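Below is target23.txt, holding compact mmCIF, N, CA and C atoms.
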```
# COMPACT_ATOMS: atom_id res chain seq x y z
N MET A 1 106.71 91.76 87.85
CA MET A 1 107.82 92.40 88.51
C MET A 1 108.18 91.56 89.73
N LYS A 2 109.49 91.37 89.96
CA LYS A 2 109.96 90.54 91.07
C LYS A 2 110.93 91.34 91.92
N PHE A 3 110.78 91.20 93.24
CA PHE A 3 111.69 91.81 94.20
C PHE A 3 112.31 90.70 95.03
N LYS A 4 113.60 90.77 95.24
CA LYS A 4 114.32 89.75 96.00
C LYS A 4 114.70 90.30 97.37
N GLY A 5 114.43 89.52 98.40
CA GLY A 5 114.76 89.88 99.76
C GLY A 5 115.27 88.67 100.52
N GLU A 6 115.19 88.76 101.83
CA GLU A 6 115.65 87.67 102.71
C GLU A 6 114.56 87.41 103.75
N THR A 7 114.07 86.19 103.79
CA THR A 7 113.07 85.82 104.78
C THR A 7 113.75 85.58 106.12
N LEU A 8 113.26 86.28 107.14
CA LEU A 8 113.80 86.10 108.49
C LEU A 8 112.94 85.16 109.32
N PHE A 9 111.65 85.14 109.03
CA PHE A 9 110.74 84.31 109.81
C PHE A 9 109.54 83.95 108.93
N GLY A 10 109.18 82.70 108.91
CA GLY A 10 108.02 82.24 108.15
C GLY A 10 108.43 81.37 106.98
N SER A 11 107.46 80.68 106.43
CA SER A 11 107.70 79.83 105.26
C SER A 11 106.41 79.72 104.47
N GLY A 12 106.55 79.22 103.25
CA GLY A 12 105.39 79.05 102.40
C GLY A 12 105.15 80.26 101.52
N ALA A 13 103.93 80.38 101.03
CA ALA A 13 103.56 81.46 100.11
C ALA A 13 102.34 82.18 100.64
N ILE A 14 102.30 83.49 100.41
CA ILE A 14 101.20 84.33 100.87
C ILE A 14 100.77 85.23 99.72
N ASP A 15 99.47 85.27 99.47
CA ASP A 15 98.90 86.19 98.49
C ASP A 15 98.05 87.20 99.24
N GLY A 16 98.16 88.46 98.86
CA GLY A 16 97.35 89.46 99.54
C GLY A 16 97.45 90.83 98.92
N GLU A 17 96.68 91.72 99.49
CA GLU A 17 96.64 93.12 99.07
C GLU A 17 97.75 93.89 99.80
N LEU A 18 98.48 94.69 99.06
CA LEU A 18 99.60 95.44 99.60
C LEU A 18 99.16 96.75 100.24
N ILE A 19 99.75 97.05 101.39
CA ILE A 19 99.68 98.38 101.99
C ILE A 19 101.12 98.88 102.01
N THR A 20 101.35 100.01 101.36
CA THR A 20 102.69 100.60 101.33
C THR A 20 102.71 101.80 102.28
N TYR A 21 103.62 101.76 103.24
CA TYR A 21 103.81 102.86 104.19
C TYR A 21 105.23 103.35 103.99
N LYS A 22 105.39 104.56 103.49
CA LYS A 22 106.69 105.02 103.01
C LYS A 22 107.64 105.54 104.08
N GLU A 23 107.16 105.74 105.29
CA GLU A 23 107.99 106.23 106.39
C GLU A 23 108.26 105.09 107.39
N PRO A 24 109.34 105.19 108.16
CA PRO A 24 109.54 104.18 109.21
C PRO A 24 108.31 104.15 110.13
N LEU A 25 107.82 102.97 110.43
CA LEU A 25 106.58 102.79 111.18
C LEU A 25 106.86 102.58 112.66
N SER A 26 106.18 103.36 113.50
CA SER A 26 106.22 103.15 114.94
C SER A 26 105.00 102.34 115.33
N PHE A 27 105.20 101.11 115.72
CA PHE A 27 104.05 100.29 116.11
C PHE A 27 103.40 100.84 117.36
N LEU A 28 104.17 101.44 118.26
CA LEU A 28 103.61 102.02 119.47
C LEU A 28 102.81 103.30 119.17
N GLY A 29 103.35 104.18 118.36
CA GLY A 29 102.71 105.47 118.14
C GLY A 29 101.76 105.53 116.95
N ASP A 30 102.04 104.75 115.90
CA ASP A 30 101.28 104.85 114.66
C ASP A 30 100.18 103.80 114.49
N VAL A 31 100.19 102.76 115.31
CA VAL A 31 99.29 101.62 115.09
C VAL A 31 98.39 101.40 116.30
N ASP A 32 97.12 101.16 116.04
CA ASP A 32 96.19 100.75 117.09
C ASP A 32 96.23 99.23 117.16
N GLY A 33 96.77 98.71 118.24
CA GLY A 33 96.98 97.27 118.39
C GLY A 33 95.71 96.44 118.47
N LYS A 34 94.60 97.05 118.84
CA LYS A 34 93.34 96.30 118.94
C LYS A 34 92.58 96.26 117.63
N SER A 35 92.73 97.29 116.80
CA SER A 35 91.97 97.34 115.55
C SER A 35 92.80 97.05 114.31
N GLY A 36 94.13 97.24 114.41
CA GLY A 36 94.99 97.04 113.25
C GLY A 36 95.10 98.26 112.35
N VAL A 37 94.53 99.38 112.78
CA VAL A 37 94.55 100.59 111.97
C VAL A 37 95.88 101.33 112.14
N ILE A 38 96.47 101.70 110.99
CA ILE A 38 97.63 102.60 111.02
C ILE A 38 97.02 104.00 111.11
N LYS A 39 97.13 104.61 112.28
CA LYS A 39 96.40 105.83 112.59
C LYS A 39 96.81 107.01 111.71
N THR A 40 98.05 107.07 111.29
CA THR A 40 98.52 108.22 110.52
C THR A 40 97.95 108.26 109.11
N ILE A 41 97.48 107.11 108.60
CA ILE A 41 96.89 107.09 107.25
C ILE A 41 95.48 106.49 107.26
N ASN A 42 95.00 106.12 108.46
CA ASN A 42 93.65 105.57 108.64
C ASN A 42 93.39 104.37 107.72
N VAL A 43 94.32 103.43 107.72
CA VAL A 43 94.20 102.22 106.91
C VAL A 43 94.40 101.01 107.83
N ASN A 44 93.57 100.00 107.64
CA ASN A 44 93.66 98.79 108.45
C ASN A 44 94.62 97.80 107.80
N MET A 45 95.59 97.33 108.56
CA MET A 45 96.58 96.39 108.04
C MET A 45 96.17 94.93 108.23
N ALA A 46 95.09 94.68 108.92
CA ALA A 46 94.66 93.31 109.22
C ALA A 46 94.46 92.52 107.92
N GLY A 47 95.13 91.39 107.83
CA GLY A 47 94.98 90.51 106.68
C GLY A 47 95.56 91.05 105.39
N LYS A 48 96.45 92.03 105.48
CA LYS A 48 97.09 92.61 104.30
C LYS A 48 98.59 92.35 104.33
N VAL A 49 99.26 92.67 103.25
CA VAL A 49 100.72 92.58 103.16
C VAL A 49 101.25 93.98 103.41
N LEU A 50 102.03 94.16 104.45
CA LEU A 50 102.52 95.47 104.85
C LEU A 50 103.96 95.67 104.38
N ALA A 51 104.19 96.71 103.58
CA ALA A 51 105.53 97.07 103.12
C ALA A 51 105.96 98.36 103.79
N ILE A 52 107.11 98.33 104.47
CA ILE A 52 107.63 99.50 105.18
C ILE A 52 109.14 99.60 104.93
N PRO A 53 109.70 100.81 105.05
CA PRO A 53 111.15 100.90 104.92
C PRO A 53 111.84 100.28 106.13
N SER A 54 111.29 100.54 107.32
CA SER A 54 111.85 100.06 108.59
C SER A 54 110.84 100.39 109.68
N SER A 55 111.21 100.10 110.90
CA SER A 55 110.36 100.52 112.02
C SER A 55 111.15 101.52 112.84
N ARG A 56 110.45 102.19 113.73
CA ARG A 56 111.10 103.10 114.66
C ARG A 56 110.38 102.99 115.99
N GLY A 57 111.05 103.42 117.02
CA GLY A 57 110.41 103.41 118.33
C GLY A 57 111.12 102.55 119.34
N SER A 58 110.42 102.34 120.43
CA SER A 58 111.02 101.70 121.59
C SER A 58 110.77 100.20 121.63
N THR A 59 111.13 99.65 122.76
CA THR A 59 110.97 98.21 122.98
C THR A 59 109.52 97.81 123.18
N VAL A 60 108.60 98.76 123.24
CA VAL A 60 107.18 98.43 123.39
C VAL A 60 106.57 98.02 122.05
N GLY A 61 107.19 98.40 120.94
CA GLY A 61 106.68 98.06 119.62
C GLY A 61 106.36 96.58 119.44
N PRO A 62 107.25 95.67 119.85
CA PRO A 62 106.95 94.24 119.71
C PRO A 62 105.69 93.81 120.46
N TYR A 63 105.39 94.46 121.57
CA TYR A 63 104.18 94.11 122.32
C TYR A 63 102.92 94.56 121.58
N VAL A 64 103.01 95.69 120.86
CA VAL A 64 101.89 96.12 120.03
C VAL A 64 101.70 95.12 118.89
N MET A 65 102.79 94.64 118.32
CA MET A 65 102.71 93.63 117.26
C MET A 65 102.06 92.35 117.80
N TYR A 66 102.42 91.96 119.01
CA TYR A 66 101.81 90.79 119.64
C TYR A 66 100.31 91.02 119.86
N GLN A 67 99.96 92.25 120.26
CA GLN A 67 98.55 92.60 120.46
C GLN A 67 97.78 92.48 119.15
N LEU A 68 98.37 92.93 118.05
CA LEU A 68 97.74 92.78 116.74
C LEU A 68 97.41 91.32 116.46
N SER A 69 98.37 90.46 116.74
CA SER A 69 98.19 89.03 116.51
C SER A 69 97.11 88.45 117.43
N LYS A 70 97.16 88.84 118.69
CA LYS A 70 96.20 88.34 119.67
C LYS A 70 94.76 88.68 119.29
N TYR A 71 94.56 89.88 118.74
CA TYR A 71 93.22 90.32 118.37
C TYR A 71 92.86 89.99 116.91
N GLY A 72 93.73 89.25 116.23
CA GLY A 72 93.44 88.86 114.85
C GLY A 72 93.53 90.02 113.87
N LYS A 73 94.35 91.00 114.16
CA LYS A 73 94.45 92.21 113.34
C LYS A 73 95.84 92.40 112.73
N ALA A 74 96.65 91.37 112.77
CA ALA A 74 98.02 91.46 112.25
C ALA A 74 98.04 91.40 110.72
N PRO A 75 99.08 91.99 110.12
CA PRO A 75 99.25 91.81 108.67
C PRO A 75 99.60 90.36 108.37
N LEU A 76 99.36 89.95 107.13
CA LEU A 76 99.71 88.59 106.71
C LEU A 76 101.22 88.38 106.72
N VAL A 77 101.94 89.42 106.35
CA VAL A 77 103.40 89.38 106.27
C VAL A 77 103.90 90.83 106.30
N ILE A 78 105.11 91.03 106.81
CA ILE A 78 105.75 92.34 106.79
C ILE A 78 106.91 92.27 105.82
N LEU A 79 106.92 93.21 104.87
CA LEU A 79 108.01 93.36 103.92
C LEU A 79 108.77 94.61 104.30
N SER A 80 110.07 94.48 104.53
CA SER A 80 110.85 95.61 105.02
C SER A 80 112.11 95.81 104.19
N VAL A 81 112.44 97.07 103.96
CA VAL A 81 113.71 97.38 103.30
C VAL A 81 114.85 97.05 104.25
N LYS A 82 114.69 97.45 105.52
CA LYS A 82 115.71 97.17 106.54
C LYS A 82 115.01 96.89 107.87
N ALA A 83 115.10 95.67 108.33
CA ALA A 83 114.47 95.28 109.59
C ALA A 83 115.44 95.48 110.74
N ASP A 84 115.01 96.23 111.75
CA ASP A 84 115.83 96.39 112.95
C ASP A 84 115.47 95.30 113.95
N THR A 85 116.22 95.24 115.02
CA THR A 85 116.06 94.18 116.02
C THR A 85 114.65 94.15 116.60
N MET A 86 114.08 95.31 116.92
CA MET A 86 112.74 95.33 117.53
C MET A 86 111.67 94.84 116.56
N LEU A 87 111.80 95.16 115.28
CA LEU A 87 110.85 94.67 114.28
C LEU A 87 110.93 93.15 114.16
N ILE A 88 112.13 92.62 114.16
CA ILE A 88 112.32 91.17 114.07
C ILE A 88 111.76 90.47 115.30
N ILE A 89 112.08 91.00 116.47
CA ILE A 89 111.57 90.41 117.72
C ILE A 89 110.05 90.44 117.74
N GLY A 90 109.48 91.57 117.36
CA GLY A 90 108.02 91.69 117.33
C GLY A 90 107.37 90.72 116.37
N ALA A 91 107.95 90.56 115.19
CA ALA A 91 107.40 89.64 114.21
C ALA A 91 107.43 88.21 114.73
N VAL A 92 108.53 87.82 115.34
CA VAL A 92 108.64 86.45 115.86
C VAL A 92 107.67 86.25 117.03
N MET A 93 107.62 87.22 117.96
CA MET A 93 106.69 87.13 119.10
C MET A 93 105.25 86.98 118.63
N ALA A 94 104.89 87.76 117.60
CA ALA A 94 103.52 87.77 117.11
C ALA A 94 103.26 86.72 116.04
N GLN A 95 104.31 85.98 115.67
CA GLN A 95 104.18 84.94 114.63
C GLN A 95 103.74 85.54 113.29
N ILE A 96 104.29 86.72 112.96
CA ILE A 96 104.02 87.38 111.69
C ILE A 96 105.22 87.13 110.78
N PRO A 97 105.04 86.49 109.64
CA PRO A 97 106.16 86.29 108.71
C PRO A 97 106.78 87.65 108.34
N ILE A 98 108.11 87.63 108.16
CA ILE A 98 108.80 88.88 107.83
C ILE A 98 109.92 88.62 106.83
N MET A 99 110.00 89.52 105.85
CA MET A 99 111.05 89.49 104.85
C MET A 99 111.73 90.85 104.86
N THR A 100 113.06 90.87 104.75
CA THR A 100 113.81 92.12 104.78
C THR A 100 114.82 92.16 103.64
N ASN A 101 115.60 93.24 103.64
CA ASN A 101 116.62 93.47 102.60
C ASN A 101 116.00 93.54 101.21
N LEU A 102 114.77 94.04 101.16
CA LEU A 102 114.10 94.26 99.87
C LEU A 102 114.57 95.59 99.30
N PRO A 103 114.59 95.73 97.99
CA PRO A 103 115.00 97.01 97.40
C PRO A 103 113.99 98.11 97.76
N ARG A 104 114.50 99.30 97.95
CA ARG A 104 113.65 100.45 98.31
C ARG A 104 112.54 100.69 97.29
N GLU A 105 112.72 100.25 96.07
CA GLU A 105 111.72 100.44 95.02
C GLU A 105 110.38 99.77 95.35
N ILE A 106 110.39 98.81 96.25
CA ILE A 106 109.13 98.16 96.62
C ILE A 106 108.17 99.17 97.24
N LEU A 107 108.72 100.24 97.82
CA LEU A 107 107.88 101.27 98.44
C LEU A 107 107.22 102.18 97.41
N ASN A 108 107.62 102.05 96.14
CA ASN A 108 106.98 102.82 95.07
C ASN A 108 105.69 102.17 94.58
N LEU A 109 105.46 100.92 94.98
CA LEU A 109 104.22 100.25 94.59
C LEU A 109 103.04 100.90 95.29
N ARG A 110 101.92 100.96 94.60
CA ARG A 110 100.75 101.59 95.20
C ARG A 110 100.03 100.61 96.11
N SER A 111 99.49 101.14 97.17
CA SER A 111 98.66 100.33 98.06
C SER A 111 97.47 99.80 97.27
N GLY A 112 97.06 98.59 97.58
CA GLY A 112 95.91 97.98 96.93
C GLY A 112 96.26 96.98 95.85
N VAL A 113 97.52 96.99 95.40
CA VAL A 113 97.94 96.05 94.37
C VAL A 113 98.05 94.65 94.98
N ALA A 114 97.78 93.62 94.19
CA ALA A 114 97.89 92.24 94.65
C ALA A 114 99.35 91.79 94.55
N VAL A 115 99.82 91.13 95.60
CA VAL A 115 101.20 90.62 95.61
C VAL A 115 101.21 89.14 96.00
N HIS A 116 102.23 88.47 95.54
CA HIS A 116 102.48 87.07 95.91
C HIS A 116 103.84 87.06 96.59
N VAL A 117 103.87 86.59 97.83
CA VAL A 117 105.11 86.55 98.60
C VAL A 117 105.52 85.09 98.76
N ASP A 118 106.70 84.75 98.24
CA ASP A 118 107.25 83.40 98.39
C ASP A 118 108.34 83.48 99.46
N LEU A 119 107.96 83.12 100.67
CA LEU A 119 108.90 83.21 101.79
C LEU A 119 110.05 82.22 101.66
N ASP A 120 109.81 81.09 101.04
CA ASP A 120 110.85 80.08 100.89
C ASP A 120 111.96 80.55 99.94
N ARG A 121 111.60 81.32 98.94
CA ARG A 121 112.58 81.84 97.97
C ARG A 121 113.04 83.26 98.30
N GLY A 122 112.35 83.93 99.22
CA GLY A 122 112.67 85.31 99.53
C GLY A 122 112.33 86.25 98.39
N GLU A 123 111.17 86.00 97.75
CA GLU A 123 110.78 86.78 96.58
C GLU A 123 109.36 87.31 96.71
N VAL A 124 109.15 88.50 96.15
CA VAL A 124 107.84 89.13 96.10
C VAL A 124 107.52 89.38 94.64
N TYR A 125 106.34 88.94 94.20
CA TYR A 125 105.90 89.09 92.81
C TYR A 125 104.71 90.03 92.75
N VAL A 126 104.76 90.95 91.79
CA VAL A 126 103.70 91.94 91.59
C VAL A 126 103.42 92.03 90.09
N ASP A 127 102.14 92.12 89.75
CA ASP A 127 101.76 92.25 88.33
C ASP A 127 101.67 93.69 87.87
N GLU A 128 102.03 94.63 88.74
CA GLU A 128 101.95 96.05 88.39
C GLU A 128 103.15 96.44 87.51
N PRO A 129 102.90 97.24 86.46
CA PRO A 129 104.00 97.65 85.58
C PRO A 129 104.99 98.59 86.26
```
Render the structure in this file as structure tokens.
Amino acid sequence: MKFKGETLFGSGAIDGELITYKEPLSFLGDVDGKSGVIKTINVNMAGKVLAIPSSRGSTVGPYVMYQLSKYGKAPLVILSVKADTMLIIGAVMAQIPIMTNLPREILNLRSGVAVHVDLDRGEVYVDEP
């Protein structure tokens, strides 16, 4: 299965385990910046591929994303249906690759599935039926 999006930051290819978060994510309220845990679902995003519909919250969100990177707890890449300005700024500040304009169907994938993200082509590949 292939999903087409638009890479906003990053290049190359990334393979990893998917974490799907179906609600807009608040990096300030929902994420522990030191541990990488998404508190609302008690899942660690460190070293994983994070799929979200969008982000929500204030201008502090990018600083939490930077904190994730500083402590080595950032996701490998962020896949977003719609990236807002704060999500983009945070990804660039934290040096986290980000792809957006992905179809909403990507959020139907189950967490734990292996994905291949080709940032150069703006494509996400999944072997799940």
>> Among segment 4-65 of chain A, which residues does DSSP mark as alpha helix (DSSP H) when it is run on the backbone? Keep the chain and numbering as in the structure and answer as a list of chain:residue names.
In response: A:Phe27, A:Leu28, A:Gly29, A:Asp30, A:Gly61, A:Pro62, A:Tyr63, A:Val64, A:Met65
>> Using Å and a single decimal, report how far atom CA of Leu109 of chain A sits from atom CA of Asn42 of chain A.
In response: 18.4 Å
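Between atom C of Arg121 of chain A and atom N of Pro24 of chain A there is a distance of 24.3 Å.
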> For the atom pair atom C of Thr7 of chain A and atom N of Gly72 of chain A, what is the interatomic distance in Å to one decimal place?
Replying inline: 22.7 Å
> Hey, what does DSSP flag as strand (DSSP E or B) within segment 19-101 of chain A? Can you give it to me as a PyMOL selection string?
Replying inline: chain A and resi 19-20+25+31+37-38+43-44+49-52+55+77-80+98-100
> Between A:Val43, A:Leu79, A:Ile14, A:Val49, which one has atoms that come closest to Val113 of chain A, using only C-alpha atoms?
Replying inline: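 Ranked by minimum distance to Val113 of chain A, first place goes to A:Val49.
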Would you compute, for all listed atoms of segment 102-119 of chain A, the axis-aligned bounding box grown by 8 Å on each side, and then report its centre and edge lengths in Å rounded to one decimal, as lines of an AutoDock Vina configuration file?
```
center_x = 105.5
center_y = 92.5
center_z = 98.0
size_x = 35.1
size_y = 36.6
size_z = 23.6
```
>> Measuring between only N, CA and C atoms, which one of A:Val60, A:Lys4, A:Val126, A:Ala114 shows the shortest distance to Gly16 of chain A?
In response: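 Using only N, CA and C atoms, the shortest distance to Gly16 of chain A belongs to A:Ala114.
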Give me the residues within 7 Å of segment 86-93 of chain A as a PDB file with N, CA and C atoms, in the frame of the given file, counting all atoms listed in the file and dropping any in the same chain fewer than 6 places off.
```
ATOM      1  N   PHE A   9     111.650  85.140 109.030  1.00  0.00           N
ATOM      2  CA  PHE A   9     110.740  84.310 109.810  1.00  0.00           C
ATOM      3  C   PHE A   9     109.540  83.950 108.930  1.00  0.00           C
ATOM      4  N   SER A  55     111.210 100.100 110.900  1.00  0.00           N
ATOM      5  CA  SER A  55     110.360 100.520 112.020  1.00  0.00           C
ATOM      6  C   SER A  55     111.150 101.520 112.840  1.00  0.00           C
ATOM      7  N   SER A  58     110.420 102.340 120.430  1.00  0.00           N
ATOM      8  CA  SER A  58     111.020 101.700 121.590  1.00  0.00           C
ATOM      9  C   SER A  58     110.770 100.200 121.630  1.00  0.00           C
ATOM     10  N   THR A  59     111.130  99.650 122.760  1.00  0.00           N
ATOM     11  CA  THR A  59     110.970  98.210 122.980  1.00  0.00           C
ATOM     12  C   THR A  59     109.520  97.810 123.180  1.00  0.00           C
ATOM     13  N   GLY A  61     107.190  98.400 120.940  1.00  0.00           N
ATOM     14  CA  GLY A  61     106.680  98.060 119.620  1.00  0.00           C
ATOM     15  C   GLY A  61     106.360  96.580 119.440  1.00  0.00           C
ATOM     16  N   PRO A  62     107.250  95.670 119.850  1.00  0.00           N
ATOM     17  CA  PRO A  62     106.950  94.240 119.710  1.00  0.00           C
ATOM     18  C   PRO A  62     105.690  93.810 120.460  1.00  0.00           C
ATOM     19  N   TYR A  63     105.390  94.460 121.570  1.00  0.00           N
ATOM     20  CA  TYR A  63     104.180  94.110 122.320  1.00  0.00           C
ATOM     21  C   TYR A  63     102.920  94.560 121.580  1.00  0.00           C
ATOM     22  N   MET A  65     102.790  94.640 118.320  1.00  0.00           N
ATOM     23  CA  MET A  65     102.710  93.630 117.260  1.00  0.00           C
ATOM     24  C   MET A  65     102.060  92.350 117.800  1.00  0.00           C
ATOM     25  N   TYR A  66     102.420  91.960 119.010  1.00  0.00           N
ATOM     26  CA  TYR A  66     101.810  90.790 119.640  1.00  0.00           C
ATOM     27  C   TYR A  66     100.310  91.020 119.860  1.00  0.00           C
TER      28      TYR A  66
END
```
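Distance check against Gly10 of chain A using only C-alpha atoms: of A:Gly47, A:Pro97, A:Pro75, A:Gly57, the minimum falls on A:Pro97.
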> Nearest to Pro53 of chain A: which of A:Met1, A:Leu68, A:Leu107, A:Leu119 is it, counting only N, CA and C atoms?
Replying inline: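 Ranked by minimum distance to Pro53 of chain A, first place goes to A:Leu107.
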> Between A:Gly12, A:Met99, A:Arg56, A:Val77, which is the closest to Gly29 of chain A once you count all atoms listed in the file?
Replying inline: A:Arg56
> Is there a way to get, as a PyMOL selection string, all residues within 8 Å of the point (104.6, 106.1, 107.3) in file coordinates, counting all atoms listed in the file?
Replying inline: chain A and resi 20-26+40-41+52-53
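The smallest atom-to-atom distance between Ala13 of chain A and any of A:Val124, A:Val64, A:Asp118, A:Tyr71, using all atoms listed in the file, is found for A:Asp118.
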>> Give me the residues near segment 32-36 of chain A as a list in words, where near means some atom within 5 Å (using only N, CA and C atoms) and where sequence neighbours in that chain fewer than 4 positions away do not count.
In response: Asn44, Met45, Ala46, Gln67, Leu68 and Lys73 of chain A
